[in-house]
Amino acid sequence: LKGLGPIKGVLPAAAAMVLMPGAAIPVLSGPPSAFALRMRPWLLVVFTLLVLVAVARFMVFDVIGGFFLILSAALGYFSVKSGMDISWLLCLAIVFFLNSLFDAFLLLARASRAAMPLFGDKVPAYVNVVHALLFLGPIVEMVGACICWQIYKEHVSTLWSEDMTLRDQVPAGTADYGGVARGNSPASRPPMDFSAFQGQGRRLIE
């Protein structure tokens, strides 16, 4: 299972997404929700398991894959400890999802061509542990992606509901920025008592 890691063409793009989220993703402000706070311990467990998977990758000389996982886990730990930064968590959700697919494909491909058994009594115990961690990697990445995505979705829906509540609480006659005062729009004005083509007619004399 040597050489396991993200595909070369995908790694620079994924790293750019992780390191520069502000260039393409709007800043999502606001305090973390109750759901995000409940998911914080599970995210820390995911990041800890990813560090163990990275160590296993270093043991099979997959330096790039191990370094990528440690970088992702460090960014995830930073986003959790800095108040559940939603922009960073969204980036991690995308990166974890893509990387889990590529890692699973590479693992299955290499396992199908392995000359020696990957598990069992014929291999040392530490090799069984290393291989178990390698196969656990894509599963942990997919779980982390799902958790980060659910936190992002719940945060956006909470912001949307709060914004709609504030809009409903604006009193009539109060003008929004750059708009027409509520209650004074043409559609809300009472109809005028006007009828066309009525009254006494008159002739214009040249």
# chains A, B, ... in the order shown; residues from 1 in each chain; ligands from 1
>>> residues_around(residues="range 89-97 of chain A", least_positions_apart="4", cutoff="8 Å", atoms="only C-alpha atoms", output="mmCIF file with all heavy atoms, in the first residue's frame")
data_model
loop_
_atom_site.group_PDB
_atom_site.id
_atom_site.type_symbol
_atom_site.label_atom_id
_atom_site.label_comp_id
_atom_site.auth_asym_id
_atom_site.auth_seq_id
_atom_site.Cartn_x
_atom_site.Cartn_y
_atom_site.Cartn_z
ATOM 1 N N ALA A 14 -7.093 21.236 -4.112
ATOM 2 C CA ALA A 14 -7.666 21.062 -2.777
ATOM 3 C C ALA A 14 -6.922 21.901 -1.755
ATOM 4 O O ALA A 14 -7.527 22.497 -0.860
ATOM 5 C CB ALA A 14 -7.616 19.580 -2.382
ATOM 6 N N MET A 17 -8.061 25.411 -2.015
ATOM 7 C CA MET A 17 -9.370 25.608 -1.402
ATOM 8 C C MET A 17 -9.260 25.712 0.106
ATOM 9 O O MET A 17 -9.990 26.471 0.744
ATOM 10 C CB MET A 17 -10.291 24.448 -1.788
ATOM 11 C CG MET A 17 -10.673 24.421 -3.252
ATOM 12 S SD MET A 17 -11.502 22.892 -3.677
ATOM 13 C CE MET A 17 -12.886 22.972 -2.557
ATOM 14 N N VAL A 18 -8.352 24.923 0.710
ATOM 15 C CA VAL A 18 -8.214 24.947 2.161
ATOM 16 C C VAL A 18 -7.524 26.223 2.619
ATOM 17 O O VAL A 18 -7.933 26.858 3.591
ATOM 18 C CB VAL A 18 -7.429 23.702 2.634
ATOM 19 C CG1 VAL A 18 -7.130 23.794 4.109
ATOM 20 C CG2 VAL A 18 -8.230 22.453 2.330
ATOM 21 N N PRO A 21 -9.938 30.170 1.632
ATOM 22 C CA PRO A 21 -11.385 30.052 1.506
ATOM 23 C C PRO A 21 -12.057 31.381 1.258
ATOM 24 O O PRO A 21 -13.140 31.434 0.695
ATOM 25 C CB PRO A 21 -11.804 29.468 2.861
ATOM 26 C CG PRO A 21 -10.769 29.982 3.802
ATOM 27 C CD PRO A 21 -9.483 30.021 3.003
ATOM 28 N N SER A 72 -4.814 19.054 7.073
ATOM 29 C CA SER A 72 -6.272 19.148 7.167
ATOM 30 C C SER A 72 -6.739 19.069 8.614
ATOM 31 O O SER A 72 -7.634 19.819 9.038
ATOM 32 C CB SER A 72 -6.922 18.032 6.343
ATOM 33 O OG SER A 72 -6.545 18.111 4.989
ATOM 34 N N GLY A 76 -8.654 21.940 10.693
ATOM 35 C CA GLY A 76 -9.919 21.631 11.356
ATOM 36 C C GLY A 76 -9.886 21.956 12.837
ATOM 37 O O GLY A 76 -10.851 22.513 13.381
ATOM 38 N N SER A 79 -10.179 25.689 13.154
ATOM 39 C CA SER A 79 -11.531 26.199 12.909
ATOM 40 C C SER A 79 -12.464 25.899 14.074
ATOM 41 O O SER A 79 -13.340 26.701 14.388
ATOM 42 C CB SER A 79 -12.088 25.588 11.621
ATOM 43 O OG SER A 79 -12.215 24.179 11.754
ATOM 44 N N MET A 84 -15.816 27.707 15.878
ATOM 45 C CA MET A 84 -16.550 26.987 14.835
ATOM 46 C C MET A 84 -16.683 27.844 13.586
ATOM 47 O O MET A 84 -17.773 28.253 13.167
ATOM 48 C CB MET A 84 -17.926 26.562 15.343
ATOM 49 C CG MET A 84 -17.895 25.673 16.559
ATOM 50 S SD MET A 84 -17.081 24.074 16.271
ATOM 51 C CE MET A 84 -18.291 23.278 15.238
ATOM 52 N N ASP A 85 -15.544 28.185 12.984
ATOM 53 C CA ASP A 85 -15.530 29.009 11.775
ATOM 54 C C ASP A 85 -16.216 28.243 10.641
ATOM 55 O O ASP A 85 -15.710 27.233 10.153
ATOM 56 C CB ASP A 85 -14.091 29.348 11.395
ATOM 57 C CG ASP A 85 -14.007 30.458 10.364
ATOM 58 O OD1 ASP A 85 -14.736 30.381 9.363
ATOM 59 O OD2 ASP A 85 -13.211 31.397 10.563
ATOM 60 N N LEU A 101 -13.084 9.908 -1.527
ATOM 61 C CA LEU A 101 -13.375 9.138 -2.745
ATOM 62 C C LEU A 101 -12.091 8.667 -3.420
ATOM 63 O O LEU A 101 -11.980 7.497 -3.819
ATOM 64 C CB LEU A 101 -14.206 9.986 -3.706
ATOM 65 C CG LEU A 101 -15.599 10.404 -3.218
ATOM 66 C CD1 LEU A 101 -16.290 11.236 -4.290
ATOM 67 C CD2 LEU A 101 -16.443 9.189 -2.857
ATOM 68 N N GLU A 141 -12.695 10.336 6.847
ATOM 69 C CA GLU A 141 -12.806 11.557 6.037
ATOM 70 C C GLU A 141 -14.246 11.800 5.599
ATOM 71 O O GLU A 141 -14.726 12.943 5.610
ATOM 72 C CB GLU A 141 -11.898 11.447 4.814
ATOM 73 C CG GLU A 141 -10.419 11.564 5.153
ATOM 74 C CD GLU A 141 -9.550 11.318 3.944
ATOM 75 O OE1 GLU A 141 -9.943 10.533 3.054
ATOM 76 O OE2 GLU A 141 -8.462 11.916 3.876
ATOM 77 N N MET A 142 -14.956 10.749 5.205
ATOM 78 C CA MET A 142 -16.354 10.917 4.798
ATOM 79 C C MET A 142 -17.228 11.333 5.976
ATOM 80 O O MET A 142 -18.127 12.179 5.828
ATOM 81 C CB MET A 142 -16.864 9.612 4.189
ATOM 82 C CG MET A 142 -18.286 9.702 3.650
ATOM 83 S SD MET A 142 -18.455 10.925 2.325
ATOM 84 C CE MET A 142 -17.586 10.086 0.990
ATOM 85 N N GLY A 144 -16.183 13.036 8.603
ATOM 86 C CA GLY A 144 -15.862 14.444 8.849
ATOM 87 C C GLY A 144 -16.504 15.367 7.842
ATOM 88 O O GLY A 144 -16.985 16.458 8.195
ATOM 89 N N ALA A 145 -16.544 14.949 6.573
ATOM 90 C CA ALA A 145 -17.198 15.769 5.548
ATOM 91 C C ALA A 145 -18.685 15.929 5.840
ATOM 92 O O ALA A 145 -19.239 17.027 5.700
ATOM 93 C CB ALA A 145 -16.982 15.148 4.172
ATOM 94 N N CYS A 146 -19.342 14.848 6.228
ATOM 95 C CA CYS A 146 -20.777 14.918 6.531
ATOM 96 C C CYS A 146 -21.053 15.823 7.730
ATOM 97 O O CYS A 146 -22.004 16.613 7.717
ATOM 98 C CB CYS A 146 -21.322 13.519 6.779
ATOM 99 S SG CYS A 146 -21.321 12.442 5.322
ATOM 100 N N ILE A 147 -20.228 15.722 8.766
ATOM 101 C CA ILE A 147 -20.439 16.565 9.948
ATOM 102 C C ILE A 147 -20.240 18.029 9.608
ATOM 103 O O ILE A 147 -21.052 18.897 9.977
ATOM 104 C CB ILE A 147 -19.508 16.122 11.095
ATOM 105 C CG1 ILE A 147 -19.868 14.712 11.565
ATOM 106 C CG2 ILE A 147 -19.590 17.100 12.262
ATOM 107 C CD1 ILE A 147 -18.944 14.188 12.645
ATOM 108 N N CYS A 148 -19.162 18.348 8.899
ATOM 109 C CA CYS A 148 -18.900 19.749 8.529
ATOM 110 C C CYS A 148 -20.009 20.299 7.638
ATOM 111 O O CYS A 148 -20.422 21.454 7.784
ATOM 112 C CB CYS A 148 -17.551 19.861 7.819
ATOM 113 S SG CYS A 148 -16.119 19.507 8.863
ATOM 114 N N TRP A 149 -20.510 19.481 6.709
ATOM 115 C CA TRP A 149 -21.578 19.937 5.813
ATOM 116 C C TRP A 149 -22.879 20.166 6.580
ATOM 117 O O TRP A 149 -23.603 21.138 6.308
ATOM 118 C CB TRP A 149 -21.780 18.913 4.709
ATOM 119 C CG TRP A 149 -22.881 19.277 3.757
ATOM 120 C CD1 TRP A 149 -24.100 18.695 3.629
ATOM 121 C CD2 TRP A 149 -22.852 20.343 2.793
ATOM 122 N NE1 TRP A 149 -24.830 19.311 2.660
ATOM 123 C CE2 TRP A 149 -24.101 20.326 2.123
ATOM 124 C CE3 TRP A 149 -21.896 21.296 2.444
ATOM 125 C CZ2 TRP A 149 -24.409 21.237 1.113
ATOM 126 C CZ3 TRP A 149 -22.205 22.202 1.435
ATOM 127 C CH2 TRP A 149 -23.445 22.172 0.784
ATOM 128 N N ILE A 151 -23.141 21.009 9.720
ATOM 129 C CA ILE A 151 -22.964 22.233 10.503
ATOM 130 C C ILE A 151 -23.162 23.460 9.620
ATOM 131 O O ILE A 151 -23.816 24.437 10.005
ATOM 132 C CB ILE A 151 -21.573 22.246 11.168
ATOM 133 C CG1 ILE A 151 -21.490 21.155 12.236
ATOM 134 C CG2 ILE A 151 -21.271 23.611 11.787
ATOM 135 C CD1 ILE A 151 -20.111 21.027 12.853
ATOM 136 N N TYR A 152 -22.609 23.412 8.406
ATOM 137 C CA TYR A 152 -22.775 24.539 7.477
ATOM 138 C C TYR A 152 -24.242 24.740 7.104
ATOM 139 O O TYR A 152 -24.752 25.868 7.118
ATOM 140 C CB TYR A 152 -21.928 24.290 6.237
ATOM 141 C CG TYR A 152 -22.263 25.195 5.084
ATOM 142 C CD1 TYR A 152 -21.846 26.525 5.069
ATOM 143 C CD2 TYR A 152 -23.015 24.729 4.002
ATOM 144 C CE1 TYR A 152 -22.170 27.361 4.008
ATOM 145 C CE2 TYR A 152 -23.335 25.561 2.947
ATOM 146 C CZ TYR A 152 -22.908 26.873 2.959
ATOM 147 O OH TYR A 152 -23.234 27.692 1.911
#
>>> select_by_dssp(residues="range 21-91 of chain A", states="alpha helix (DSSP H)", output="PyMOL selection string")
chain A and resi 34-59+63-81+86-91
>>> atom_distance(atom1="CA of Ser100 in chain A", atom2="CA of Gly65 in chain A")
11.6 Å
>>> atom_distance(atom1="CA of Phe119 in chain A", atom2="CA of Ala132 in chain A")
8.4 Å
>>> closest_residue(among="A:Val80, A:Leu75, A:Val55, A:Met39", to="Leu133 in chain A", atoms="only C-alpha atoms")
A:Val55
>>> closest_residue(among="A:Ala115, A:Val143, A:Val130, A:Val45", to="Phe61 in chain A", atoms="only C-alpha atoms")
A:Val130
>>> closest_residue(among="A:Arg110, A:Arg57, A:Arg40, A:Lys122", to="Ser82 in chain A", atoms="only C-alpha atoms")
A:Arg40
>>> residues_around(residues="range 154-157 of chain A", least_positions_apart="4", cutoff="7 Å", atoms="only C-alpha atoms", output="list in words")
Ser33, Gln150 and Ser161 of chain A
>>> atom_distance(atom1="CA of Ile70 in chain A", atom2="CA of Ser112 in chain A")
27.2 Å
>>> closest_residue(among="A:Ala36, A:Leu44, A:Leu134, A:Val53", to="Ala104 in chain A", atoms="only C-alpha atoms")
A:Leu134
>>> decode(residues="range 125-161 of chain A", atoms="N, CA and C atoms", output="compact mmCIF listing (two decimals), in the first residue's frame")
# COMPACT_ATOMS: atom_id res chain seq x y z
N ALA A 125 1.62 -8.13 13.71
CA ALA A 125 0.48 -7.42 14.31
C ALA A 125 0.49 -5.95 13.96
N TYR A 126 1.68 -5.33 13.95
CA TYR A 126 1.72 -3.90 13.65
C TYR A 126 1.31 -3.62 12.21
N VAL A 127 1.57 -4.58 11.30
CA VAL A 127 1.14 -4.42 9.91
C VAL A 127 -0.39 -4.46 9.83
N ASN A 128 -1.02 -5.35 10.62
CA ASN A 128 -2.47 -5.37 10.66
C ASN A 128 -3.03 -4.03 11.14
N VAL A 129 -2.38 -3.45 12.16
CA VAL A 129 -2.85 -2.17 12.69
C VAL A 129 -2.68 -1.06 11.65
N VAL A 130 -1.53 -1.05 10.98
CA VAL A 130 -1.28 -0.02 9.97
C VAL A 130 -2.28 -0.12 8.83
N HIS A 131 -2.52 -1.33 8.35
CA HIS A 131 -3.47 -1.51 7.25
C HIS A 131 -4.90 -1.16 7.69
N ALA A 132 -5.23 -1.49 8.95
CA ALA A 132 -6.57 -1.12 9.45
C ALA A 132 -6.74 0.39 9.48
N LEU A 133 -5.69 1.11 9.91
CA LEU A 133 -5.77 2.57 9.92
C LEU A 133 -5.87 3.14 8.51
N LEU A 134 -5.17 2.53 7.57
CA LEU A 134 -5.23 3.01 6.18
C LEU A 134 -6.64 2.84 5.61
N PHE A 135 -7.26 1.71 5.89
CA PHE A 135 -8.63 1.50 5.40
C PHE A 135 -9.64 2.32 6.19
N LEU A 136 -9.29 2.70 7.40
CA LEU A 136 -10.19 3.55 8.19
C LEU A 136 -10.16 5.00 7.71
N GLY A 137 -9.09 5.40 7.02
CA GLY A 137 -8.94 6.78 6.60
C GLY A 137 -10.08 7.32 5.77
N PRO A 138 -10.46 6.68 4.63
CA PRO A 138 -11.57 7.21 3.84
C PRO A 138 -12.88 7.29 4.60
N ILE A 139 -13.13 6.33 5.50
CA ILE A 139 -14.37 6.35 6.28
C ILE A 139 -14.38 7.56 7.20
N VAL A 140 -13.25 7.81 7.88
CA VAL A 140 -13.18 8.97 8.79
C VAL A 140 -13.32 10.27 8.02
N GLU A 141 -12.70 10.34 6.85
CA GLU A 141 -12.81 11.56 6.04
C GLU A 141 -14.25 11.80 5.60
N MET A 142 -14.96 10.75 5.20
CA MET A 142 -16.35 10.92 4.80
C MET A 142 -17.23 11.33 5.98
N VAL A 143 -16.98 10.75 7.15
CA VAL A 143 -17.73 11.16 8.34
C VAL A 143 -17.46 12.63 8.68
N GLY A 144 -16.18 13.04 8.60
CA GLY A 144 -15.86 14.44 8.85
C GLY A 144 -16.50 15.37 7.84
N ALA A 145 -16.54 14.95 6.57
CA ALA A 145 -17.20 15.77 5.55
C ALA A 145 -18.69 15.93 5.84
N CYS A 146 -19.34 14.85 6.23
CA CYS A 146 -20.78 14.92 6.53
C CYS A 146 -21.05 15.82 7.73
N ILE A 147 -20.23 15.72 8.77
CA ILE A 147 -20.44 16.56 9.95
C ILE A 147 -20.24 18.03 9.61
N CYS A 148 -19.16 18.35 8.90
CA CYS A 148 -18.90 19.75 8.53
C CYS A 148 -20.01 20.30 7.64
N TRP A 149 -20.51 19.48 6.71
CA TRP A 149 -21.58 19.94 5.81
C TRP A 149 -22.88 20.17 6.58
N GLN A 150 -23.20 19.29 7.52
CA GLN A 150 -24.41 19.48 8.31
C GLN A 150 -24.32 20.74 9.17
N ILE A 151 -23.14 21.01 9.72
CA ILE A 151 -22.96 22.23 10.50
C ILE A 151 -23.16 23.46 9.62
N TYR A 152 -22.61 23.41 8.41
CA TYR A 152 -22.78 24.54 7.48
C TYR A 152 -24.24 24.74 7.10
N LYS A 153 -24.95 23.67 6.75
CA LYS A 153 -26.35 23.78 6.37
C LYS A 153 -27.19 24.33 7.51
N GLU A 154 -26.96 23.82 8.72
CA GLU A 154 -27.75 24.28 9.88
C GLU A 154 -27.46 25.74 10.18
N HIS A 155 -26.21 26.17 10.01
CA HIS A 155 -25.85 27.56 10.27
C HIS A 155 -26.52 28.49 9.25
N VAL A 156 -26.51 28.11 7.98
CA VAL A 156 -27.13 28.95 6.95
C VAL A 156 -28.64 29.03 7.16
N SER A 157 -29.27 27.90 7.49
CA SER A 157 -30.72 27.93 7.72
C SER A 157 -31.08 28.77 8.94
N THR A 158 -30.22 28.75 9.96
CA THR A 158 -30.48 29.58 11.14
C THR A 158 -30.36 31.05 10.80
N LEU A 159 -29.32 31.43 10.05
CA LEU A 159 -29.17 32.82 9.64
C LEU A 159 -30.35 33.27 8.78
N TRP A 160 -30.82 32.41 7.90
CA TRP A 160 -31.93 32.76 7.03
C TRP A 160 -33.21 32.99 7.83
N SER A 161 -33.48 32.09 8.78
CA SER A 161 -34.70 32.24 9.59
C SER A 161 -34.63 33.49 10.46
